[in-house]
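K.L.:
Sharing my_file.txt (compact mmCIF, C-alpha atoms) below.
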# COMPACT_ATOMS: atom_id res chain seq x y z
CA MET S 83 19.49 -80.74 -112.95
CA LYS S 84 17.23 -80.38 -109.94
CA LEU S 85 18.54 -77.94 -107.36
CA THR S 86 18.36 -78.58 -103.64
CA TYR S 87 18.14 -75.83 -101.05
CA ILE S 88 19.69 -74.88 -97.72
CA LEU S 89 18.58 -72.22 -95.26
CA CYS S 90 20.86 -69.37 -94.36
CA GLY S 91 19.82 -66.75 -91.84
CA MET S 92 21.49 -63.93 -89.94
CA GLY S 93 24.45 -65.32 -88.01
CA LEU S 94 23.71 -68.93 -88.97
CA VAL S 95 26.93 -70.92 -89.40
CA LEU S 96 26.62 -73.82 -91.81
CA GLY S 97 30.16 -75.10 -91.58
CA PHE S 98 30.98 -73.05 -94.66
CA GLY S 99 31.63 -69.76 -92.88
CA SER S 100 29.05 -67.36 -91.52
CA CYS S 101 26.49 -66.04 -93.96
CA SER S 102 24.38 -63.03 -93.18
CA SER S 103 21.26 -61.54 -94.65
CA PRO S 104 19.69 -58.15 -93.98
CA LYS S 105 16.40 -59.94 -93.32
CA SER S 106 15.69 -61.68 -90.05
CA LYS S 107 13.90 -64.64 -91.58
CA PRO S 108 15.91 -67.44 -93.20
CA VAL S 109 16.33 -67.42 -96.97
CA GLU S 110 16.60 -70.38 -99.31
CA VAL S 111 19.94 -70.91 -101.01
CA PRO S 112 20.09 -73.37 -103.91
CA VAL S 113 22.81 -76.01 -103.72
CA ILE S 114 24.53 -76.86 -106.99
CA PRO S 115 26.42 -80.18 -107.05
CA ILE S 116 29.78 -80.03 -108.83
CA GLU S 117 30.54 -83.48 -110.16
CA SER S 118 34.04 -84.46 -111.14
CA GLY S 119 33.81 -85.66 -114.67
CA LYS S 120 34.86 -85.29 -118.25
CA GLN S 121 35.69 -81.83 -119.51
CA MET S 122 33.79 -80.31 -122.40
CA THR S 123 34.95 -81.56 -125.80
CA ASP S 124 36.40 -79.31 -128.48
CA GLU S 125 33.03 -79.40 -130.24
CA GLU S 126 31.16 -78.41 -127.06
CA MET S 127 33.64 -75.62 -126.37
CA SER S 128 33.22 -74.25 -129.89
CA GLN S 129 29.44 -74.25 -129.44
CA HIS S 130 29.62 -72.08 -126.32
CA PHE S 131 32.63 -69.86 -127.08
CA THR S 132 32.78 -68.14 -130.48
CA ASN S 133 34.16 -65.16 -132.40
CA ASP S 134 37.74 -65.56 -131.19
CA ARG S 135 39.61 -62.26 -131.26
CA LEU S 136 43.33 -62.03 -130.53
CA VAL S 137 44.71 -58.76 -129.14
CA VAL S 138 48.42 -58.02 -128.85
CA LEU S 139 49.21 -55.52 -126.08
CA LYS S 140 51.61 -52.83 -127.25
CA GLY S 141 53.25 -49.67 -125.93
CA VAL S 142 53.94 -50.64 -122.31
CA MET S 143 55.41 -53.61 -120.48
CA LEU S 144 53.20 -55.48 -118.02
CA ASN S 145 54.48 -57.57 -115.13
CA ARG S 146 51.25 -59.46 -114.53
CA ILE S 147 47.58 -59.12 -115.35
CA ASP S 148 45.50 -59.04 -112.17
CA ARG S 149 42.26 -57.60 -113.54
CA ILE S 150 40.89 -56.82 -117.01
CA ILE S 151 38.02 -54.33 -117.20
CA ASP S 152 35.92 -53.49 -120.26
CA TRP S 153 35.40 -49.74 -120.71
CA GLY S 154 33.46 -49.42 -123.93
CA ASP S 155 35.90 -48.51 -126.70
CA ARG S 156 38.87 -49.35 -124.44
CA PHE S 157 39.81 -51.64 -121.60
CA VAL S 158 41.89 -51.34 -118.43
CA ILE S 159 44.48 -53.81 -117.20
CA PHE S 160 45.51 -53.67 -113.57
CA ASP S 161 49.05 -54.88 -112.87
CA ARG S 162 49.63 -55.04 -109.11
CA ARG S 163 53.21 -56.28 -109.41
CA GLY S 164 54.03 -53.45 -111.80
CA GLN S 165 52.13 -50.96 -109.59
CA GLN S 166 50.16 -49.63 -112.52
CA ALA S 167 46.85 -49.49 -114.33
CA VAL S 168 47.08 -49.28 -118.12
CA ILE S 169 44.35 -48.12 -120.49
CA PHE S 170 44.38 -49.77 -123.93
CA ASP S 171 42.19 -49.31 -126.98
CA THR S 172 40.36 -52.36 -128.29
CA THR S 173 43.19 -53.24 -130.66
CA GLY S 174 45.77 -53.35 -127.85
CA ASN S 175 47.48 -49.97 -128.24
CA CYS S 176 48.38 -48.23 -124.98
CA LEU S 177 46.39 -45.02 -124.48
CA ALA S 178 47.55 -44.17 -120.97
CA GLN S 179 49.80 -45.66 -118.31
CA ILE S 180 48.85 -44.74 -114.74
CA LYS S 181 51.98 -45.28 -112.69
CA ARG S 182 52.24 -42.34 -110.31
CA LEU S 183 54.69 -43.42 -107.64
CA GLY S 184 55.21 -40.86 -104.89
CA LYS S 185 53.52 -39.20 -101.93
CA GLY S 186 51.97 -36.15 -103.56
CA PRO S 187 48.44 -35.51 -104.84
CA GLY S 188 47.40 -38.21 -107.28
CA GLU S 189 50.44 -40.31 -106.37
CA TYR S 190 50.78 -43.51 -104.38
CA VAL S 191 53.36 -45.66 -102.67
CA GLN S 192 51.47 -48.92 -103.15
CA VAL S 193 48.38 -49.56 -105.25
CA GLY S 194 46.03 -52.45 -104.47
CA ASP S 195 43.30 -52.65 -107.13
CA CYS S 196 41.09 -50.69 -109.50
CA THR S 197 37.49 -50.59 -110.68
CA ILE S 198 35.23 -48.55 -112.96
CA ASP S 199 32.75 -46.06 -111.48
CA ASN S 200 30.09 -46.26 -114.19
CA ALA S 201 28.03 -43.47 -112.64
CA GLY S 202 30.84 -41.00 -113.23
CA ASN S 203 32.50 -42.92 -116.08
CA GLU S 204 35.76 -42.82 -114.13
CA LEU S 205 38.51 -45.20 -113.07
CA ILE S 206 39.12 -45.66 -109.33
CA LEU S 207 42.39 -46.90 -107.82
CA CYS S 208 42.75 -47.85 -104.16
CA ALA S 209 46.23 -47.16 -102.86
CA ASP S 210 48.70 -46.78 -100.01
CA GLN S 211 47.09 -49.52 -97.92
CA PRO S 212 45.46 -47.87 -96.07
CA GLY S 213 45.42 -44.42 -97.49
CA LYS S 214 43.28 -43.18 -100.35
CA LEU S 215 41.10 -43.69 -103.39
CA LEU S 216 42.15 -41.95 -106.59
CA TRP S 217 39.88 -41.08 -109.53
CA PHE S 218 41.05 -40.81 -113.16
CA ASP S 219 39.23 -39.97 -116.39
CA ARG S 220 39.09 -42.11 -119.53
CA ASP S 221 42.38 -40.64 -120.76
CA GLY S 222 44.20 -41.46 -117.51
CA LYS S 223 44.14 -37.86 -116.21
CA PHE S 224 44.09 -37.57 -112.41
CA LEU S 225 40.88 -35.97 -111.11
CA ARG S 226 40.69 -36.20 -107.31
CA GLU S 227 41.37 -38.38 -104.30
CA LYS S 228 39.72 -39.35 -101.03
CA ARG S 229 41.22 -40.62 -97.79
CA VAL S 230 40.00 -43.93 -96.36
CA SER S 231 41.00 -45.75 -93.20
CA LYS S 232 40.84 -49.29 -94.52
CA CYS S 233 43.47 -51.36 -96.28
CA LEU S 234 41.63 -52.66 -99.36
CA MET S 235 43.12 -55.37 -101.56
CA GLU S 236 40.17 -55.71 -103.99
CA ILE S 237 37.35 -53.31 -104.83
CA ALA S 238 34.16 -53.10 -106.88
CA CYS S 239 31.78 -50.22 -107.52
CA PHE S 240 27.98 -50.24 -107.65
CA ASP S 241 25.98 -47.03 -108.07
CA GLU S 242 27.48 -44.56 -105.57
CA TYR S 243 28.90 -47.22 -103.27
CA LEU S 244 32.33 -48.80 -103.27
CA TYR S 245 32.90 -52.26 -101.80
CA GLY S 246 36.33 -53.39 -100.71
CA ILE S 247 37.92 -56.55 -99.28
CA ASP S 248 40.03 -55.97 -96.19
CA CYS S 249 43.72 -56.65 -96.82
CA SER S 250 43.95 -59.18 -94.00
CA LEU S 251 43.57 -62.66 -95.52
CA GLN S 252 42.53 -63.84 -92.08
CA GLY S 253 39.13 -62.24 -91.90
CA ASN S 254 38.19 -61.10 -95.42
CA THR S 255 35.78 -58.52 -94.06
CA VAL S 256 33.92 -56.56 -96.73
CA THR S 257 33.70 -52.80 -96.19
CA ARG S 258 31.13 -50.54 -97.84
CA ILE S 259 32.25 -46.96 -98.50
CA VAL S 260 29.67 -44.28 -99.26
CA PRO S 261 30.20 -40.71 -100.51
CA SER S 262 29.48 -39.28 -97.05
CA GLU S 263 32.84 -40.73 -95.91
CA GLU S 264 31.09 -43.49 -93.93
CA GLU S 265 32.88 -46.85 -93.91
CA THR S 266 30.74 -49.78 -92.78
CA PRO S 267 32.16 -53.27 -92.20
CA ILE S 268 29.76 -55.91 -93.54
CA LEU S 269 29.85 -59.68 -93.95
CA PRO S 270 32.74 -60.55 -91.59
CA HIS S 271 34.30 -63.96 -92.08
CA ARG S 272 35.70 -66.50 -89.64
CA SER S 273 38.97 -65.45 -88.08
CA ASP S 274 40.43 -68.93 -87.58
CA CYS S 275 41.07 -69.77 -91.24
CA PRO S 276 44.61 -70.25 -92.59
CA ALA S 277 45.96 -67.27 -94.54
CA MET S 278 46.35 -69.23 -97.77
CA LEU S 279 46.65 -67.66 -101.21
CA ALA S 280 43.04 -67.54 -102.22
CA GLY S 281 42.65 -66.17 -105.74
CA LYS S 282 40.19 -63.44 -106.70
CA LEU S 283 37.40 -62.54 -104.30
CA ILE S 284 35.20 -59.90 -105.91
CA SER S 285 34.13 -59.12 -109.48
CA THR S 286 31.39 -57.25 -111.30
CA ASN S 287 29.89 -57.31 -114.77
CA GLY S 288 28.61 -53.76 -114.27
CA ARG S 289 25.17 -54.85 -113.07
CA THR S 290 25.87 -57.55 -110.48
CA VAL S 291 28.74 -57.73 -107.97
CA TRP S 292 29.77 -61.27 -107.01
CA LEU S 293 31.73 -62.20 -103.93
CA SER S 294 33.47 -65.39 -102.79
CA ARG S 295 35.57 -66.08 -99.71
CA PRO S 296 38.14 -68.72 -98.78
CA PHE S 297 36.74 -71.73 -96.89
CA ASP S 298 33.19 -70.71 -97.74
CA TYR S 299 31.43 -72.63 -100.52
CA ILE S 300 28.64 -70.07 -100.68
CA VAL S 301 28.91 -67.43 -103.41
CA TYR S 302 27.27 -64.09 -102.71
CA ALA S 303 25.67 -61.45 -104.91
CA LEU S 304 25.15 -57.81 -104.03
CA ASN S 305 21.57 -56.73 -103.40
CA GLY S 306 21.62 -53.26 -104.93
CA GLY S 307 18.54 -52.21 -102.98
CA THR S 308 19.92 -52.99 -99.53
CA GLY S 309 23.64 -52.60 -100.21
CA GLU S 310 24.26 -56.02 -98.65
CA PHE S 311 25.82 -59.20 -100.04
CA GLU S 312 23.33 -62.05 -99.89
CA PRO S 313 23.94 -65.79 -100.32
CA ARG S 314 23.05 -66.80 -103.89
CA TYR S 315 24.36 -70.37 -104.34
CA ARG S 316 26.30 -72.98 -102.46
CA LEU S 317 28.54 -75.13 -104.62
CA ASP S 318 28.82 -78.69 -103.35
CA TRP S 319 32.22 -80.11 -104.32
CA GLY S 320 31.49 -83.59 -102.98
CA ASP S 321 34.59 -85.53 -102.02
CA GLU S 322 36.78 -82.69 -103.30
CA GLY S 323 35.40 -80.29 -100.69
CA LEU S 324 36.22 -79.95 -97.03
CA SER S 325 33.78 -81.73 -94.75
CA GLU S 326 31.42 -79.87 -92.45
CA THR S 327 33.41 -81.20 -89.50
CA GLN S 328 36.66 -79.88 -90.93
CA LEU S 329 35.15 -76.46 -91.54
CA THR S 330 33.68 -76.11 -88.06
CA GLU S 331 37.00 -76.95 -86.42
CA LYS S 332 40.25 -75.01 -86.67
CA LEU S 333 41.55 -75.77 -90.13
CA ASP S 334 44.92 -77.47 -90.63
CA GLU S 335 46.66 -75.84 -93.59
CA ASP S 336 49.15 -78.69 -94.04
CA GLN S 337 46.37 -81.26 -94.07
CA ILE S 338 44.41 -79.28 -96.67
CA ARG S 339 47.48 -79.24 -98.88
CA ARG S 340 48.06 -82.99 -98.44
CA ASP S 341 44.44 -83.84 -99.16
CA GLN S 342 44.28 -81.42 -102.13
CA LYS S 343 40.84 -80.24 -101.11
CA THR S 344 38.99 -77.36 -102.72
CA TYR S 345 39.21 -74.54 -100.20
CA HIS S 346 37.91 -71.59 -102.21
CA VAL S 347 35.36 -70.98 -104.94
CA THR S 348 37.14 -68.25 -106.84
CA ASP S 349 37.06 -66.20 -110.05
CA VAL S 350 33.28 -66.08 -109.62
CA GLY S 351 31.43 -63.89 -112.08
CA GLN S 352 28.45 -63.72 -114.40
CA VAL S 353 28.53 -63.66 -118.19
CA GLY S 354 25.07 -63.72 -119.73
CA PRO S 355 22.99 -66.37 -117.92
CA TYR S 356 26.09 -68.28 -116.81
CA LEU S 357 27.98 -68.20 -113.54
CA PHE S 358 31.68 -68.96 -113.93
CA ALA S 359 33.61 -70.38 -110.97
CA LYS S 360 36.78 -72.30 -110.17
CA GLY S 361 37.37 -74.62 -107.26
CA ILE S 362 40.80 -73.65 -105.97
CA SER S 363 42.84 -76.56 -104.65
CA PHE S 364 46.27 -77.96 -105.35
CA LYS S 365 44.94 -79.68 -108.48
CA THR S 366 42.91 -76.81 -109.86
CA GLY S 367 40.95 -77.53 -113.04
CA PHE S 368 39.79 -75.21 -115.78
CA GLY S 369 36.63 -74.12 -113.98
CA GLN S 370 32.88 -74.54 -114.26
CA MET S 371 30.17 -72.86 -116.32
CA ILE S 372 26.85 -72.97 -114.46
CA ASP S 373 23.58 -72.21 -116.22
CA MET S 374 21.71 -70.19 -113.60
CA ARG S 375 18.40 -70.88 -115.37
CA THR S 376 18.61 -74.64 -115.00
CA GLY S 377 21.45 -75.38 -112.58
CA GLU S 378 23.27 -77.38 -115.28
CA VAL S 379 27.03 -77.49 -114.70
CA LYS S 380 29.63 -77.98 -117.41
CA SER S 381 33.35 -78.42 -116.76
CA LEU S 382 35.34 -76.27 -119.16
CA GLY S 383 37.74 -77.95 -121.57
CA TRP S 384 40.52 -76.84 -123.88
CA THR S 385 40.33 -73.77 -126.11
CA GLN S 386 42.00 -74.14 -129.50
CA LEU S 387 44.17 -71.33 -130.82
CA PHE S 388 45.10 -70.46 -134.38
CA GLY S 389 42.82 -73.21 -135.71
CA SER S 390 45.29 -75.88 -134.63
CA PRO S 391 44.54 -78.77 -132.24
CA ASN S 392 48.19 -78.55 -131.14
CA CYS S 393 47.77 -75.00 -129.83
CA ARG S 394 45.43 -75.13 -126.86
CA ILE S 395 44.91 -73.36 -123.54
CA GLY S 396 42.64 -74.12 -120.60
CA GLY S 397 40.60 -72.14 -118.13
CA TYR S 398 39.11 -68.67 -118.43
CA GLY S 399 39.53 -65.10 -117.28
CA LEU S 400 36.69 -62.76 -116.36
CA LEU S 401 36.46 -59.64 -118.46
CA GLU S 402 34.72 -57.31 -116.02
CA ASN S 403 32.20 -54.51 -116.50
CA GLN S 404 30.46 -56.34 -119.35
CA ASP S 405 28.18 -59.32 -119.85
CA ARG S 406 29.18 -60.89 -123.16
CA ARG S 407 32.74 -62.23 -123.20
CA ILE S 408 35.48 -64.02 -121.36
CA VAL S 409 39.18 -63.51 -121.92
CA HIS S 410 42.24 -65.76 -121.93
CA GLU S 411 45.86 -64.83 -121.40
CA VAL S 412 48.34 -66.54 -123.70
CA SER S 413 51.86 -66.05 -122.38
CA GLU S 414 54.75 -65.13 -124.66
CA ASN S 415 56.57 -68.29 -123.51
CA VAL S 416 53.74 -70.50 -124.72
CA LEU S 417 53.67 -68.69 -128.06
CA GLU S 418 57.39 -69.19 -128.50
CA ILE S 419 57.19 -72.90 -127.64
CA TRP S 420 54.44 -73.44 -130.21
CA SER S 421 56.31 -71.45 -132.84
CA GLU S 422 59.57 -73.32 -132.29
CA GLY S 423 57.72 -76.65 -132.29
CA LEU S 424 56.23 -75.90 -135.69
CA LYS S 425 59.58 -74.74 -137.08
CA SER S 426 61.26 -77.97 -135.95
CA LYS S 427 58.74 -79.87 -138.08
CA GLY S 428 59.18 -77.54 -141.05
CA GLU S 429 55.67 -76.21 -140.52
CA SER S 430 54.11 -72.83 -139.84
CA ASN S 431 50.81 -71.21 -138.92
CA ALA S 432 49.95 -67.89 -140.55
CA VAL S 433 47.92 -66.54 -137.63
CA LEU S 434 50.57 -67.53 -135.09
CA ASP S 435 53.28 -65.98 -137.25
CA SER S 436 51.38 -62.67 -137.48
CA VAL S 437 50.83 -62.60 -133.71
CA MET S 438 54.50 -63.32 -133.07
CA ALA S 439 55.50 -60.53 -135.46
CA ALA S 440 53.13 -58.06 -133.78
CA ASN S 441 54.41 -59.13 -130.37
CA ALA S 442 58.05 -58.89 -131.43
CA GLU S 443 59.14 -57.40 -128.12
CA GLY S 444 57.94 -60.61 -126.45
CA MET S 445 57.09 -58.87 -123.21
CA ASN S 446 53.32 -59.16 -122.80
CA PRO S 447 50.79 -61.97 -122.99
CA VAL S 448 48.39 -61.99 -125.93
CA LEU S 449 44.71 -61.72 -125.05
CA LEU S 450 42.07 -63.96 -126.61
CA PHE S 451 38.52 -62.61 -126.29
CA GLN S 452 35.58 -64.97 -126.84
CA ASP S 453 31.85 -64.40 -126.96
CA VAL S 454 29.79 -66.63 -124.66
CA ILE S 455 26.59 -68.04 -126.12
Mind converting the file's structure to structure tokens?
P.N.:
Amino acid sequence: MKLTYILCGMGLVLGFGSCSSPKSKPVEVPVIPIESGKQMTDEEMSQHFTNDRLVVLKGVMLNRIDRIIDWGDRFVIFDRRGQQAVIFDTTGNCLAQIKRLGKGPGEYVQVGDCTIDNAGNELILCADQPGKLLWFDRDGKFLREKRVSKCLMEIACFDEYLYGIDCSLQGNTVTRIVPSEEETPILPHRSDCPAMLAGKLISTNGRTVWLSRPFDYIVYALNGGTGEFEPRYRLDWGDEGLSETQLTEKLDEDQIRRDQKTYHVTDVGQVGPYLFAKGISFKTGFGQMIDMRTGEVKSLGWTQLFGSPNCRIGGYGLLENQDRRIVHEVSENVLEIWSEGLKSKGESNAVLDSVMAANAEGMNPVLLFQDVI
């Protein structure tokens, strides 16, 4: 697919929000058309996503999975609703539950997000909105904390810098925090956008930090040399996107809902040479896999579970701090429905039965990890 280009300079508004660059001269931003079409077939999905590995989470109850972070021989799940970060080994056993409610050292009243500081090999939680950052080691032991003035709802770490999204949905300003205590607002967004639920805004695979913002079809990548987010691609959603006129005027939330327009490019992240992204609307699909070498776009299809065409899930989840896999959440309700459906037919599935037995408490979703090739 041949890519087209737009120009985006400092303070230039394209109808897709303001996009800034640390350079004064305009930069070229490739435009990738997203065409509504047929989803990838089962065969195509199996060619791109292999080595399925099911992991049953044990030892602690989760309310919701907001972020999954790879940490070598373990992974971290952040559960905002449960006000906790939980460290699991690769087989799903709980190693440490960080749930330190209170107002003392290492404690918090409200926790917003977490990320891995690879430079120090530590886990960082942002909490108390605004209030503090808290560092923990690989075993969940509290190490230290630092006061910050901003309310941060999502964070990502790169080298010695921490990047956070301001808690106000109307604005989505990104703040850069450096060890010297300096907090610098960067990349402010339009202030006249509706405060709609927007999905995830920032993610990192450990080498590249990606950023997306509501009502802005440009996706940004962090320039590690300058510490600034720079426009990388603009995704053109065609008739499913808001028009340039709509975006330059004050947006009507009710009209957006009625028209079911894509208003946010979310869950943006890189796995290998592919950029994953979803167009959030009121008819959200499974997402797109974009080959950044060629610009080719593929709409994701169904993922089969347990080797059965009757057990399928759609979409993807980004497994952060790595560049090899994606992850799916399979809820306990879905597992039970499939199991009961098979029983009603006098049938069974050995893999499903073993997962159900391992997940006997029925409290947590099962994770399906897949390699991306």
K.L.:
Show me, as JSON, numbers by chain, the residues that have an atom within 12 Å of S:Asp321 when counting only C-alpha atoms, minus same-chain residues fewer than 6 positions from it.
P.N.:
{"S": [115, 116, 117, 118, 341, 342, 343, 344]}
K.L.:
Which residue gives the smallest distance to S:Glu322 among S:Ile419, S:Val347, S:Thr308, S:Glu411, with all atoms listed in the file counted?
P.N.:
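Checking each candidate against S:Glu322, we get S:Val347 as the closest.
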K.L.:
How far is it from atom CA of S:Phe224 to atom CA of S:Lys140, in Å with one decimal?
P.N.:
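Between atom CA of S:Phe224 and atom CA of S:Lys140 the gap is 22.6 Å.
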K.L.:
Within 12 Å of S:Asp161, counting all atoms listed in the file, which residues qualify if same-chain residues fewer than 3 places away don't, as a PyMOL selection string?
P.N.:
chain S and resi 142-151+158+164-169+179-181+192-196+207+446
K.L.:
List the spatial neighbours of S:Ser390 as a ChimeraX atom specification - criterion: any atom at most 10 Å away, only C-alpha atoms, same-chain residues fewer than 4 positions off excluded.
P.N.:
/S:386,394,431,434
K.L.:
Write to file, as a PDB file, in the coordinates of the input, the residues of the selection just made, with C-alpha atoms.
P.N.:
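And here is the file that came out, part08.pdb:
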ATOM      1  CA  GLN S 386      42.000 -74.140-129.500  1.00  0.00           C
ATOM      2  CA  ARG S 394      45.430 -75.130-126.860  1.00  0.00           C
ATOM      3  CA  ASN S 431      50.810 -71.210-138.920  1.00  0.00           C
ATOM      4  CA  LEU S 434      50.570 -67.530-135.090  1.00  0.00           C
TER       5      LEU S 434
END
K.L.:
Which polymer residues, protein or nucleic acid, are no farther than 9 Å from (18.0, -55.0, -108.8), counting all atoms listed in the file, as a count of residues only?
P.N.:
5
K.L.:
When you look at stretch 403-405 of chain S with a cut-off of 8 Å (counting only C-alpha atoms), what residues show up, excluding the ones that are within fewer than 4 positions of it in the same chain? I need them as a short mmCIF file (atom, residue, chain, number, x, y, z; two decimals) with C-alpha atoms, in the coordinates of the input.
P.N.:
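Output below, filename out_19.cif:
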data_model
loop_
_atom_site.label_atom_id
_atom_site.label_comp_id
_atom_site.auth_asym_id
_atom_site.auth_seq_id
_atom_site.Cartn_x
_atom_site.Cartn_y
_atom_site.Cartn_z
CA ILE S 151 38.02 -54.33 -117.20
CA ASP S 152 35.92 -53.49 -120.26
CA TRP S 153 35.40 -49.74 -120.71
CA ILE S 198 35.23 -48.55 -112.96
CA THR S 286 31.39 -57.25 -111.30
CA ASN S 287 29.89 -57.31 -114.77
CA GLY S 288 28.61 -53.76 -114.27
CA ARG S 289 25.17 -54.85 -113.07
CA GLN S 352 28.45 -63.72 -114.40
CA VAL S 353 28.53 -63.66 -118.19
CA GLY S 354 25.07 -63.72 -119.73
#
K.L.:
Skip S:Pro261 itself and residues of its chain fewer than 5 positions away, then list as a list in words all residues within 12 Å of it, counting only C-alpha atoms.
P.N.:
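Counting only the stated atoms, we get Leu215, Lys228, Arg229, Val230, Cys239, Asp241, Glu242, Tyr243, Leu244, Tyr245 and Thr266 of chain S.
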K.L.:
Between atom CA of S:Met122 and atom CA of S:Val412, measure the distance and give it in Å to one decimal.
P.N.:
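Atom CA of S:Val412 lies at a distance of 20.1 Å from atom CA of S:Met122.
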K.L.:
Smallest atom-to-atom distance to S:Lys214: which of S:Lys232, S:His410, S:Arg375, S:Lys427, using only C-alpha atoms?
P.N.:
S:Lys232
K.L.:
Could stretch 293-308 of chain S be completed with N, CA and C atoms and returned as an mmCIF file, in the coordinates of the input?
P.N.:
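Output saved as out_39.cif:
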data_model
loop_
_atom_site.group_PDB
_atom_site.id
_atom_site.type_symbol
_atom_site.label_atom_id
_atom_site.label_comp_id
_atom_site.auth_asym_id
_atom_site.auth_seq_id
_atom_site.Cartn_x
_atom_site.Cartn_y
_atom_site.Cartn_z
ATOM 1 N N LEU S 293 30.731 -62.093 -104.974
ATOM 2 C CA LEU S 293 31.730 -62.200 -103.930
ATOM 3 C C LEU S 293 31.916 -63.659 -103.535
ATOM 4 N N SER S 294 33.167 -64.065 -103.338
ATOM 5 C CA SER S 294 33.470 -65.390 -102.790
ATOM 6 C C SER S 294 34.556 -65.225 -101.748
ATOM 7 N N ARG S 295 34.608 -66.190 -100.808
ATOM 8 C CA ARG S 295 35.570 -66.080 -99.710
ATOM 9 C C ARG S 295 36.213 -67.434 -99.466
ATOM 10 N N PRO S 296 37.479 -67.447 -99.073
ATOM 11 C CA PRO S 296 38.140 -68.720 -98.780
ATOM 12 C C PRO S 296 37.397 -69.502 -97.701
ATOM 13 N N PHE S 297 37.354 -70.815 -97.856
ATOM 14 C CA PHE S 297 36.740 -71.730 -96.890
ATOM 15 C C PHE S 297 35.250 -71.459 -96.705
ATOM 16 N N ASP S 298 34.619 -70.982 -97.759
ATOM 17 C CA ASP S 298 33.190 -70.710 -97.740
ATOM 18 C C ASP S 298 32.661 -71.083 -99.121
ATOM 19 N N TYR S 299 31.892 -72.153 -99.222
ATOM 20 C CA TYR S 299 31.430 -72.630 -100.520
ATOM 21 C C TYR S 299 30.189 -71.901 -101.005
ATOM 22 N N ILE S 300 29.740 -70.920 -100.235
ATOM 23 C CA ILE S 300 28.640 -70.070 -100.680
ATOM 24 C C ILE S 300 29.215 -68.923 -101.505
ATOM 25 N N VAL S 301 28.561 -68.625 -102.646
ATOM 26 C CA VAL S 301 28.910 -67.430 -103.410
ATOM 27 C C VAL S 301 27.794 -66.418 -103.192
ATOM 28 N N TYR S 302 28.180 -65.161 -103.082
ATOM 29 C CA TYR S 302 27.270 -64.090 -102.710
ATOM 30 C C TYR S 302 27.104 -63.119 -103.872
ATOM 31 N N ALA S 303 25.927 -62.502 -103.939
ATOM 32 C CA ALA S 303 25.670 -61.450 -104.910
ATOM 33 C C ALA S 303 25.160 -60.224 -104.186
ATOM 34 N N LEU S 304 25.556 -59.056 -104.659
ATOM 35 C CA LEU S 304 25.150 -57.810 -104.030
ATOM 36 C C LEU S 304 23.683 -57.523 -104.314
ATOM 37 N N ASN S 305 22.926 -57.228 -103.267
ATOM 38 C CA ASN S 305 21.570 -56.730 -103.400
ATOM 39 C C ASN S 305 21.666 -55.210 -103.512
ATOM 40 N N GLY S 306 21.447 -54.684 -104.711
ATOM 41 C CA GLY S 306 21.620 -53.260 -104.930
ATOM 42 C C GLY S 306 20.672 -52.408 -104.105
ATOM 43 N N GLY S 307 19.507 -52.966 -103.754
ATOM 44 C CA GLY S 307 18.540 -52.210 -102.980
ATOM 45 C C GLY S 307 18.938 -52.026 -101.533
ATOM 46 N N THR S 308 19.542 -53.054 -100.937
ATOM 47 C CA THR S 308 19.920 -52.990 -99.530
ATOM 48 C C THR S 308 21.391 -52.644 -99.322
#
